[in-house]
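Novice: Input structure: run.txt, which contains compact mmCIF, C-alpha atoms.
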# COMPACT_ATOMS: atom_id res chain seq x y z
CA MET A 580 -51.02 63.51 -1.52
CA GLY A 581 -48.84 63.17 1.58
CA ILE A 582 -45.08 63.17 1.92
CA GLU A 583 -45.18 59.44 2.57
CA ASN A 584 -46.53 58.91 -0.97
CA LEU A 585 -43.49 60.68 -2.41
CA ASN A 586 -41.00 58.54 -0.51
CA ILE A 587 -39.62 61.69 1.13
CA LYS A 588 -38.27 61.47 4.67
CA ILE A 589 -37.99 64.72 6.61
CA GLY A 590 -35.35 64.37 9.33
CA GLU A 591 -34.22 61.35 11.30
CA PHE A 592 -36.92 60.51 13.85
CA PRO A 593 -39.69 57.95 13.19
CA SER A 594 -43.24 59.22 12.77
CA GLY A 595 -46.11 58.37 15.07
CA LYS A 596 -48.91 55.96 14.15
CA ASN A 597 -50.90 58.42 11.99
CA ASN A 598 -48.19 61.08 11.63
CA LEU A 599 -50.60 63.60 13.16
CA ILE A 600 -50.61 65.75 16.29
CA SER A 601 -53.39 63.46 17.55
CA ASP A 602 -50.86 60.64 17.92
CA ILE A 603 -50.53 62.16 21.39
CA LYS A 604 -53.20 60.44 23.46
CA GLY A 605 -56.32 62.52 24.10
CA ILE A 606 -55.88 65.09 21.33
CA LYS A 607 -58.59 65.39 18.68
CA VAL A 608 -59.09 67.78 15.77
CA GLY A 609 -62.27 68.77 13.92
CA HIS A 610 -63.17 71.01 10.99
CA THR A 611 -66.04 73.05 9.60
CA THR A 612 -65.49 73.91 5.94
CA LEU A 613 -67.24 76.75 4.09
CA ASN A 614 -66.50 76.30 0.39
CA ASP A 615 -69.04 77.88 -1.96
CA GLY A 616 -67.99 80.17 -4.78
CA LYS A 617 -66.30 83.23 -3.32
CA ILE A 618 -66.65 81.80 0.20
CA LYS A 619 -63.45 79.90 1.02
CA THR A 620 -63.03 79.77 4.77
CA GLY A 621 -63.83 77.73 7.86
CA VAL A 622 -62.91 76.65 11.36
CA THR A 623 -60.51 74.10 12.81
CA ALA A 624 -60.75 73.09 16.46
CA LEU A 625 -58.12 71.25 18.49
CA LEU A 626 -59.32 69.56 21.68
CA PRO A 627 -56.38 69.00 24.06
CA HIS A 628 -58.06 66.12 25.91
CA SER A 629 -61.43 64.42 26.15
CA GLY A 630 -62.14 65.54 29.69
CA ASN A 631 -62.88 68.99 31.12
CA ILE A 632 -59.98 71.21 30.05
CA PHE A 633 -61.14 74.06 32.30
CA LYS A 634 -60.99 71.93 35.43
CA ASP A 635 -57.90 69.96 34.35
CA LYS A 636 -55.67 72.46 32.61
CA PHE A 637 -52.49 71.66 30.70
CA MET A 638 -49.20 73.48 31.13
CA CYS A 639 -48.79 75.73 28.11
CA SER A 640 -46.75 78.52 26.61
CA SER A 641 -46.83 80.68 23.50
CA TYR A 642 -44.21 82.45 21.44
CA VAL A 643 -44.71 85.21 18.89
CA ILE A 644 -42.16 84.98 16.08
CA ASN A 645 -43.57 88.03 14.26
CA GLY A 646 -46.53 89.85 15.73
CA PHE A 647 -48.62 90.96 12.75
CA GLY A 648 -51.60 88.96 14.07
CA LYS A 649 -54.89 89.15 15.95
CA SER A 650 -54.86 86.11 18.22
CA CYS A 651 -56.88 85.82 21.42
CA GLY A 652 -55.78 84.35 24.75
CA LEU A 653 -51.99 84.49 24.45
CA MET A 654 -51.53 87.08 27.22
CA GLN A 655 -52.99 84.85 29.93
CA ILE A 656 -51.22 81.75 28.59
CA ASN A 657 -47.90 83.51 29.03
CA GLU A 658 -48.80 84.88 32.45
CA LEU A 659 -50.25 81.73 34.05
CA GLY A 660 -48.71 79.04 31.88
CA THR A 661 -51.88 77.02 31.36
CA LEU A 662 -54.34 76.09 28.61
CA GLU A 663 -57.99 75.87 29.69
CA THR A 664 -60.02 75.74 26.45
CA PRO A 665 -59.85 74.07 23.05
CA ILE A 666 -57.79 75.96 20.47
CA ILE A 667 -59.78 77.45 17.59
CA LEU A 668 -58.28 78.42 14.22
CA THR A 669 -60.16 80.58 11.71
CA ASN A 670 -59.77 83.66 9.50
CA THR A 671 -58.64 87.07 10.75
CA LEU A 672 -62.02 88.79 10.86
CA SER A 673 -63.74 85.86 12.60
CA VAL A 674 -61.66 85.87 15.79
CA GLY A 675 -64.40 87.70 17.71
CA THR A 676 -67.12 85.31 16.59
CA ALA A 677 -64.95 82.31 17.41
CA SER A 678 -64.07 83.69 20.84
CA THR A 679 -67.74 84.28 21.73
CA ALA A 680 -68.71 80.81 20.55
CA LEU A 681 -65.87 79.17 22.47
CA ILE A 682 -66.89 80.99 25.65
CA LYS A 683 -70.47 79.77 25.20
CA TYR A 684 -69.21 76.22 24.63
CA MET A 685 -67.21 76.36 27.85
CA PHE A 686 -70.19 77.80 29.75
CA LYS A 687 -72.28 74.82 28.69
CA ASN A 688 -69.98 72.35 30.44
CA ASN A 689 -68.85 74.58 33.29
CA LYS A 690 -71.72 76.23 35.13
CA ASP A 691 -69.23 77.58 37.67
CA ILE A 692 -67.39 79.94 35.30
CA LYS A 693 -67.94 83.55 36.42
CA VAL A 694 -70.24 82.34 39.20
CA THR A 695 -68.12 80.52 41.77
CA ALA A 696 -65.01 80.26 39.56
CA GLY A 697 -63.09 82.90 37.65
CA THR A 698 -63.44 83.89 34.02
CA ILE A 699 -62.40 81.83 31.00
CA ASN A 700 -59.48 82.39 28.62
CA PRO A 701 -60.59 81.47 25.07
CA VAL A 702 -57.71 80.68 22.71
CA VAL A 703 -58.33 81.66 19.09
CA CYS A 704 -55.71 82.10 16.36
CA GLU A 705 -56.06 83.35 12.80
CA CYS A 706 -54.58 83.79 9.37
CA ASN A 707 -55.88 86.09 6.65
CA ASP A 708 -57.58 84.12 3.85
CA GLY A 709 -58.76 87.29 2.07
CA TYR A 710 -56.98 86.50 -1.23
CA LEU A 711 -59.28 83.55 -1.92
CA ASN A 712 -62.12 84.21 0.51
CA ASP A 713 -64.77 86.93 0.73
CA ILE A 714 -63.45 87.71 4.19
CA ARG A 715 -65.53 90.89 4.51
CA GLY A 716 -68.69 88.79 4.29
CA PHE A 717 -68.34 87.44 7.87
CA HIS A 718 -69.41 83.97 6.77
CA VAL A 719 -68.13 82.17 9.87
CA LYS A 720 -70.93 81.91 12.43
CA GLU A 721 -70.99 80.64 16.00
CA GLU A 722 -72.56 77.34 14.96
CA HIS A 723 -69.52 76.63 12.77
CA ILE A 724 -67.27 76.71 15.83
CA PHE A 725 -69.61 74.32 17.65
CA GLN A 726 -69.64 72.00 14.64
CA ALA A 727 -65.85 71.91 14.43
CA ILE A 728 -65.56 71.05 18.12
CA GLU A 729 -68.24 68.37 17.94
CA SER A 730 -66.68 66.73 14.87
CA ALA A 731 -63.22 66.42 16.44
CA ASP A 732 -61.59 63.02 16.05
CA ILE A 733 -58.21 61.32 16.26
CA LYS A 734 -57.95 61.09 12.48
CA PHE A 735 -58.57 64.30 10.59
CA GLN A 736 -58.08 65.75 7.12
CA GLU A 737 -55.29 68.09 6.09
CA GLY A 738 -54.92 70.67 3.33
CA ASN A 739 -57.66 73.08 2.24
CA ILE A 740 -60.09 71.98 4.91
CA GLY A 741 -61.60 73.85 7.88
CA ALA A 742 -59.64 76.99 8.69
CA GLY A 743 -57.27 76.07 5.86
CA THR A 744 -59.91 76.29 3.12
CA GLY A 745 -58.83 79.70 1.84
CA MET A 746 -55.21 79.85 2.93
CA SER A 747 -52.17 80.30 0.66
CA CYS A 748 -48.64 79.06 1.29
CA TYR A 749 -45.70 80.09 -0.92
CA GLN A 750 -48.33 81.52 -3.30
CA LEU A 751 -49.64 77.97 -3.70
CA LYS A 752 -52.58 76.37 -1.89
CA GLY A 753 -51.84 76.04 1.80
CA GLY A 754 -53.90 75.23 4.88
CA ILE A 755 -53.87 72.59 7.60
CA GLY A 756 -50.85 70.32 7.98
CA SER A 757 -49.71 67.99 10.74
CA ALA A 758 -46.98 65.52 11.66
CA SER A 759 -45.55 63.70 14.66
CA ARG A 760 -42.28 62.15 15.83
CA ILE A 761 -41.34 59.48 18.36
CA ILE A 762 -38.35 59.97 20.64
CA ARG A 763 -36.93 57.91 23.51
CA LEU A 764 -36.18 59.24 26.97
CA ASP A 765 -35.21 56.97 29.89
CA GLU A 766 -35.89 53.96 27.63
CA LYS A 767 -39.51 55.05 27.15
CA GLU A 768 -41.20 56.29 23.98
CA TYR A 769 -42.66 59.79 23.89
CA THR A 770 -44.39 61.71 21.10
CA VAL A 771 -44.06 65.28 19.85
CA GLY A 772 -46.59 66.58 17.35
CA ALA A 773 -47.39 69.71 15.39
CA MET A 774 -50.34 71.16 13.51
CA VAL A 775 -50.03 74.25 11.34
CA LEU A 776 -52.32 76.68 9.59
CA SER A 777 -50.03 77.78 6.75
CA ASN A 778 -50.59 81.09 4.96
CA PHE A 779 -47.17 82.58 4.25
CA GLY A 780 -44.22 82.76 1.87
CA LEU A 781 -43.31 83.64 -1.70
CA LYS A 782 -43.28 81.02 -4.44
CA LYS A 783 -39.73 81.89 -5.49
CA ASP A 784 -38.43 80.98 -2.00
CA LEU A 785 -39.98 77.51 -1.63
CA ILE A 786 -37.68 74.72 -0.46
CA VAL A 787 -38.84 71.09 -0.25
CA ASN A 788 -36.61 68.73 1.72
CA GLY A 789 -33.56 70.84 0.98
CA LYS A 790 -34.31 71.34 -2.73
CA LYS A 791 -34.76 74.94 -3.89
CA LEU A 792 -37.85 74.73 -6.08
CA GLY A 793 -38.72 78.44 -6.18
CA ASP A 794 -36.57 79.14 -9.23
CA LYS A 795 -38.30 76.29 -11.05
CA ILE A 796 -41.85 77.13 -10.01
CA ILE A 797 -42.01 80.58 -11.59
CA ALA A 798 -44.04 83.21 -9.76
CA LEU A 799 -47.26 84.09 -11.60
CA GLU A 800 -47.38 87.48 -13.32
CA ASN A 801 -48.52 90.40 -11.16
CA GLU A 802 -48.53 88.35 -7.95
CA GLU A 803 -47.73 90.12 -4.70
CA GLN A 804 -44.00 90.06 -3.98
CA LEU A 805 -44.11 91.16 -0.34
CA GLU A 806 -44.57 88.41 2.21
CA LYS A 807 -47.69 89.37 4.14
CA GLY A 808 -48.86 85.93 5.15
CA SER A 809 -48.95 84.16 8.49
CA ILE A 810 -48.63 80.78 10.11
CA ILE A 811 -50.09 79.38 13.31
CA ILE A 812 -48.16 76.48 14.82
CA ILE A 813 -49.54 74.29 17.60
CA LEU A 814 -47.02 72.02 19.33
CA ALA A 815 -48.02 69.21 21.65
CA THR A 816 -46.16 66.50 23.53
CA ASP A 817 -46.62 63.92 26.25
CA ILE A 818 -43.15 64.67 27.62
CA PRO A 819 -43.26 66.22 31.11
CA MET A 820 -42.26 69.87 30.75
CA ASN A 821 -42.97 73.19 32.42
CA GLU A 822 -44.09 76.34 30.66
CA ARG A 823 -40.53 77.71 30.41
CA GLN A 824 -39.36 74.57 28.62
CA LEU A 825 -42.38 74.71 26.33
CA LYS A 826 -41.40 78.23 25.35
CA ARG A 827 -37.88 77.01 24.64
CA ILE A 828 -39.10 74.41 22.16
CA SER A 829 -41.40 77.04 20.60
CA LYS A 830 -38.41 79.26 19.90
CA ARG A 831 -36.95 76.57 17.59
CA VAL A 832 -39.85 76.81 15.12
CA PRO A 833 -38.24 79.62 13.04
CA VAL A 834 -35.66 77.01 11.97
CA SER A 835 -38.51 74.97 10.46
CA LEU A 836 -39.87 78.00 8.61
CA ALA A 837 -36.42 78.78 7.21
CA ARG A 838 -36.00 75.20 6.04
CA THR A 839 -39.06 75.61 3.81
CA GLY A 840 -37.83 78.98 2.52
CA SER A 841 -39.47 81.63 4.70
CA HIS A 842 -37.69 84.82 5.73
CA ILE A 843 -40.52 85.70 8.16
CA GLY A 844 -41.68 88.90 6.51
CA ASN A 845 -42.67 92.22 8.02
CA GLY A 846 -46.38 91.59 7.47
CA SER A 847 -46.38 88.06 8.81
CA GLY A 848 -48.23 86.91 11.93
CA ASP A 849 -46.33 83.86 13.15
CA VAL A 850 -47.55 82.41 16.45
CA VAL A 851 -46.59 79.23 18.31
CA ILE A 852 -48.66 77.62 21.05
CA ALA A 853 -47.07 74.66 22.85
CA PHE A 854 -48.57 72.43 25.53
CA THR A 855 -47.84 69.15 27.28
CA THR A 856 -50.42 66.54 28.23
CA ALA A 857 -48.13 65.20 30.97
CA ASN A 858 -48.69 67.94 33.54
CA LYS A 859 -52.26 68.76 34.51
CA ILE A 860 -53.13 71.67 36.76
CA ASN A 861 -56.31 71.17 38.78
CA HIS A 862 -58.45 74.32 38.76
CA TYR A 863 -59.77 73.38 42.21
CA GLU A 864 -56.43 72.29 43.66
CA GLU A 865 -56.57 72.23 47.48
CA LYS A 866 -52.88 71.70 48.26
CA ASP A 867 -50.60 74.68 48.77
CA ILE A 868 -47.67 72.92 47.09
CA ILE A 869 -47.99 70.62 44.08
CA SER A 870 -45.40 68.49 42.30
CA ILE A 871 -44.76 68.25 38.57
CA LYS A 872 -42.18 66.44 36.48
CA ILE A 873 -39.99 68.19 33.92
CA ILE A 874 -37.36 67.05 31.48
CA ASN A 875 -33.68 67.26 32.35
CA GLU A 876 -32.55 70.43 30.57
CA ASN A 877 -29.40 68.70 29.35
CA LYS A 878 -31.60 66.27 27.39
CA ILE A 879 -33.80 68.85 25.69
CA ASP A 880 -31.75 69.01 22.46
CA ILE A 881 -33.44 65.85 21.20
CA ILE A 882 -36.81 67.58 21.55
CA PHE A 883 -35.54 70.65 19.71
CA ARG A 884 -34.51 68.47 16.77
CA ALA A 885 -37.77 66.52 16.73
CA ILE A 886 -39.87 69.70 16.88
CA ILE A 887 -37.94 71.33 14.03
CA GLU A 888 -38.50 68.45 11.63
CA THR A 889 -42.10 67.90 12.77
CA VAL A 890 -43.06 71.50 11.95
CA GLU A 891 -41.13 71.41 8.66
CA GLU A 892 -43.06 68.33 7.60
CA SER A 893 -46.37 69.82 8.78
CA ILE A 894 -45.85 72.81 6.48
CA LEU A 895 -45.04 70.60 3.50
CA SER A 896 -47.97 68.35 4.37
CA SER A 897 -50.33 71.35 4.29
CA LEU A 898 -49.14 72.06 0.74
CA LEU A 899 -49.20 68.49 -0.54
CA HIS A 900 -52.67 67.74 0.86
CA SER A 901 -54.16 70.87 -0.70
CA THR A 902 -55.86 71.04 -4.10
CA LYS A 903 -56.13 73.84 -6.66
CA THR A 904 -58.60 76.47 -5.51
CA VAL A 905 -60.37 79.28 -7.36
CA GLY A 906 -61.82 81.86 -4.99
CA ARG A 907 -63.21 85.39 -5.00
CA ASP A 908 -62.72 87.47 -8.16
CA GLY A 909 -61.23 84.42 -9.85
CA ASN A 910 -58.13 84.50 -7.64
CA THR A 911 -56.42 81.13 -7.94
CA ARG A 912 -53.91 79.06 -6.00
CA GLU A 913 -52.39 75.98 -7.62
CA SER A 914 -51.54 72.87 -5.63
CA LEU A 915 -47.90 72.00 -5.06
CA ASN A 916 -48.80 68.62 -6.53
CA LYS A 917 -48.90 70.27 -9.96
CA TYR A 918 -45.12 70.51 -9.70
CA ILE A 919 -44.54 67.03 -8.36
CA ASP A 920 -41.95 66.24 -11.03
CA PHE A 921 -39.72 68.99 -9.64
CA ILE A 922 -39.95 67.46 -6.18
CA LEU A 923 -39.08 63.95 -7.34
CA LYS A 924 -36.09 64.92 -9.50
Let's see the structure in the file written out as structure tokens.
Specialist:
Amino acid sequence: MGIENLNIKIGEFPSGKNNLISDIKGIKVGHTTLNDGKIKTGVTALLPHSGNIFKDKFMCSSYVINGFGKSCGLMQINELGTLETPIILTNTLSVGTASTALIKYMFKNNKDIKVTAGTINPVVCECNDGYLNDIRGFHVKEEHIFQAIESADIKFQEGNIGAGTGMSCYQLKGGIGSASRIIRLDEKEYTVGAMVLSNFGLKKDLIVNGKKLGDKIIALENEEQLEKGSIIIILATDIPMNERQLKRISKRVPVSLARTGSHIGNGSGDVVIAFTTANKINHYEEKDIISIKIINENKIDIIFRAIIETVEESILSSLLHSTKTVGRDGNTRESLNKYIDFILK
């Protein structure tokens, strides 16, 4: 069930056509889901555009809110300010497998990598699904990354799907969530979008659209009371921006987390990756000087506001689209939908 079915409106900006990050032209998302008994894991792939992302890179930045994570590729993003591969999401112990598979995928379409061109910077992010998933079993294989990439489409599922299959959010069932917002600049419509992999928070802290539900949804007996989860947030827009401005919008994401109840715990790995589809960087650029457009800094507040509510809704969407899951050793996560009466009161 999505937020739209509950007649809840997060923020003030209108949503995009599908209320997904893929409302930004060219973006597609695909999943591979591994859901069999104690195996509750998978892969989610975001394709930034339908062309060759290595040859036509996007301006990009990343921001680490809390660094208890094992992501791949962030160092070069922050140094060079570009994104040159799809973004892969999976579980913590599958980052290496996903990175190898992504490199092989890029080799297939770019025979020049490490021959006449430089190396490749695979971008892989993770959350730990070990509460529900047999994470030590290394069930994610290279073919699962290929399948997720090949299945990418404009419309995609949310909730416990793909990389979100075994994730927990506020000690409920979390996973993949997405949303988008439309804003106007110079009398033209632009889109900002977000996609999250939610795996953080304590049940007692949950806030839905300003309502404190944690004291109503009582924490289950003997559940962990230290926040050790994580969240990966991908931001995208078609607004012309440079990498510094992309980092600025990334730094507003903690407001979204706080609005849903998070205090961003010591053991949390919270990572933001932000890119714009408006500024492409040609890998084989011949000119010494190139021109790009950026937003007037005095107008960036509207983007801050849109990003904050887009990420907030993406988190809630990941909860509301997820269903009750029983994983390894009988460990269970209920769906937020079980408590729908609390939300509607």
Novice: Nearest residue to Phe717 (chain A) out of A:Ile762, A:Leu781, A:Ile618, A:Ile786, using only C-alpha atoms?
Specialist: A:Ile618
Novice: Once you add 4 Å to each side, what are the centre and edge lengths of the axis-aligned box holding all listed atoms of region 772-780 of chain A? One decimal in Å, as JSON, if you can.
Specialist:
{"center_x": -48.3, "center_y": 74.7, "center_z": 9.6, "size_x": 16.1, "size_y": 24.2, "size_z": 23.5}
Novice: Counting only C-alpha atoms, find residues at most 9 Å from (-66.5, 71.0, 17.2) (file frame) and give them as an mmCIF file with C-alpha atoms, keeping the file's coordinate frame.
Specialist:
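Output (result-v9.cif):
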data_model
loop_
_atom_site.group_PDB
_atom_site.id
_atom_site.type_symbol
_atom_site.label_atom_id
_atom_site.label_comp_id
_atom_site.auth_asym_id
_atom_site.auth_seq_id
_atom_site.Cartn_x
_atom_site.Cartn_y
_atom_site.Cartn_z
ATOM 1 C CA VAL A 608 -59.090 67.780 15.770
ATOM 2 C CA GLY A 609 -62.270 68.770 13.920
ATOM 3 C CA HIS A 610 -63.170 71.010 10.990
ATOM 4 C CA THR A 611 -66.040 73.050 9.600
ATOM 5 C CA VAL A 622 -62.910 76.650 11.360
ATOM 6 C CA THR A 623 -60.510 74.100 12.810
ATOM 7 C CA ALA A 624 -60.750 73.090 16.460
ATOM 8 C CA LEU A 625 -58.120 71.250 18.490
ATOM 9 C CA LEU A 626 -59.320 69.560 21.680
ATOM 10 C CA HIS A 723 -69.520 76.630 12.770
ATOM 11 C CA ILE A 724 -67.270 76.710 15.830
ATOM 12 C CA PHE A 725 -69.610 74.320 17.650
ATOM 13 C CA GLN A 726 -69.640 72.000 14.640
ATOM 14 C CA ALA A 727 -65.850 71.910 14.430
ATOM 15 C CA ILE A 728 -65.560 71.050 18.120
ATOM 16 C CA GLU A 729 -68.240 68.370 17.940
ATOM 17 C CA SER A 730 -66.680 66.730 14.870
ATOM 18 C CA ALA A 731 -63.220 66.420 16.440
#
Novice: For CA of Met746 (chain A) and CA of Ile632 (chain A), determine how far apart the two atoms are, in Å to one decimal place.
Specialist: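 Computing the Euclidean distance for CA of Met746 (chain A) and CA of Ile632 (chain A) yields 28.9 Å.
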Novice: List as number ranges by chain the residues having at least one atom at most 7 Å from position (-62.4, 75.7, 5.7) as given in the file, counting all atoms listed in the file.
Specialist: A: 611-614, 619-622, 739-745
Novice: Please, what distance in Å, to one decimal, runs between CA of Leu711 (chain A) and CA of Gly906 (chain A)?
Specialist: 4.3 Å
Novice: Quick one: residues within 10 Å of His862 (chain A), all atoms listed in the file counted, chain neighbours fewer than 3 positions away excluded, as an mmCIF file with C-alpha atoms, in the frame of the given file?
Specialist:
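Produced file out_23.cif, reproduced below:
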data_model
loop_
_atom_site.group_PDB
_atom_site.id
_atom_site.type_symbol
_atom_site.label_atom_id
_atom_site.label_comp_id
_atom_site.auth_asym_id
_atom_site.auth_seq_id
_atom_site.Cartn_x
_atom_site.Cartn_y
_atom_site.Cartn_z
ATOM 1 C CA ILE A 632 -59.980 71.210 30.050
ATOM 2 C CA PHE A 633 -61.140 74.060 32.300
ATOM 3 C CA LYS A 634 -60.990 71.930 35.430
ATOM 4 C CA ASP A 635 -57.900 69.960 34.350
ATOM 5 C CA LYS A 636 -55.670 72.460 32.610
ATOM 6 C CA GLU A 663 -57.990 75.870 29.690
ATOM 7 C CA ALA A 696 -65.010 80.260 39.560
ATOM 8 C CA GLY A 697 -63.090 82.900 37.650
ATOM 9 C CA LYS A 859 -52.260 68.760 34.510
ATOM 10 C CA GLU A 865 -56.570 72.230 47.480
#
Novice: Just checking: using all atoms listed in the file, which residue out of A:Thr816, A:Ser835, A:Gln736, A:Ser896 ends up closest to Glu768 (chain A)?
Specialist: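 Smallest separation from Glu768 (chain A) among the options: A:Thr816.
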Novice: Of the candidates A:Arg884, A:Arg912, A:Lys607, A:Arg763, which shows the shortest atom-to-atom distance to Ser747 (chain A), using all atoms listed in the file?
Specialist: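 Checking each of A:Arg884, A:Arg912, A:Lys607, A:Arg763 against Ser747 (chain A), counting all atoms listed in the file, the winner is A:Arg912.
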Novice: Please measure the separation of CA of Thr839 (chain A) and CA of Leu895 (chain A), giving the value in Å to one decimal.
Specialist: 7.8 Å
Novice: Which residue, A:Val771, A:Val832, A:Ile692, A:Ile922, has the smallest gap to Ile644 (chain A) when you use all atoms listed in the file?
Specialist: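 Using all atoms listed in the file, Ile644 (chain A) sits closest to A:Val832.
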Novice: For Lys734 (chain A), find every residue with an atom within 10 Å (counting all atoms listed in the file), except residues of its own chain fewer than 5 positions away, and show them as a PyMOL selection string.
Specialist: chain A and resi 597-602+606-609
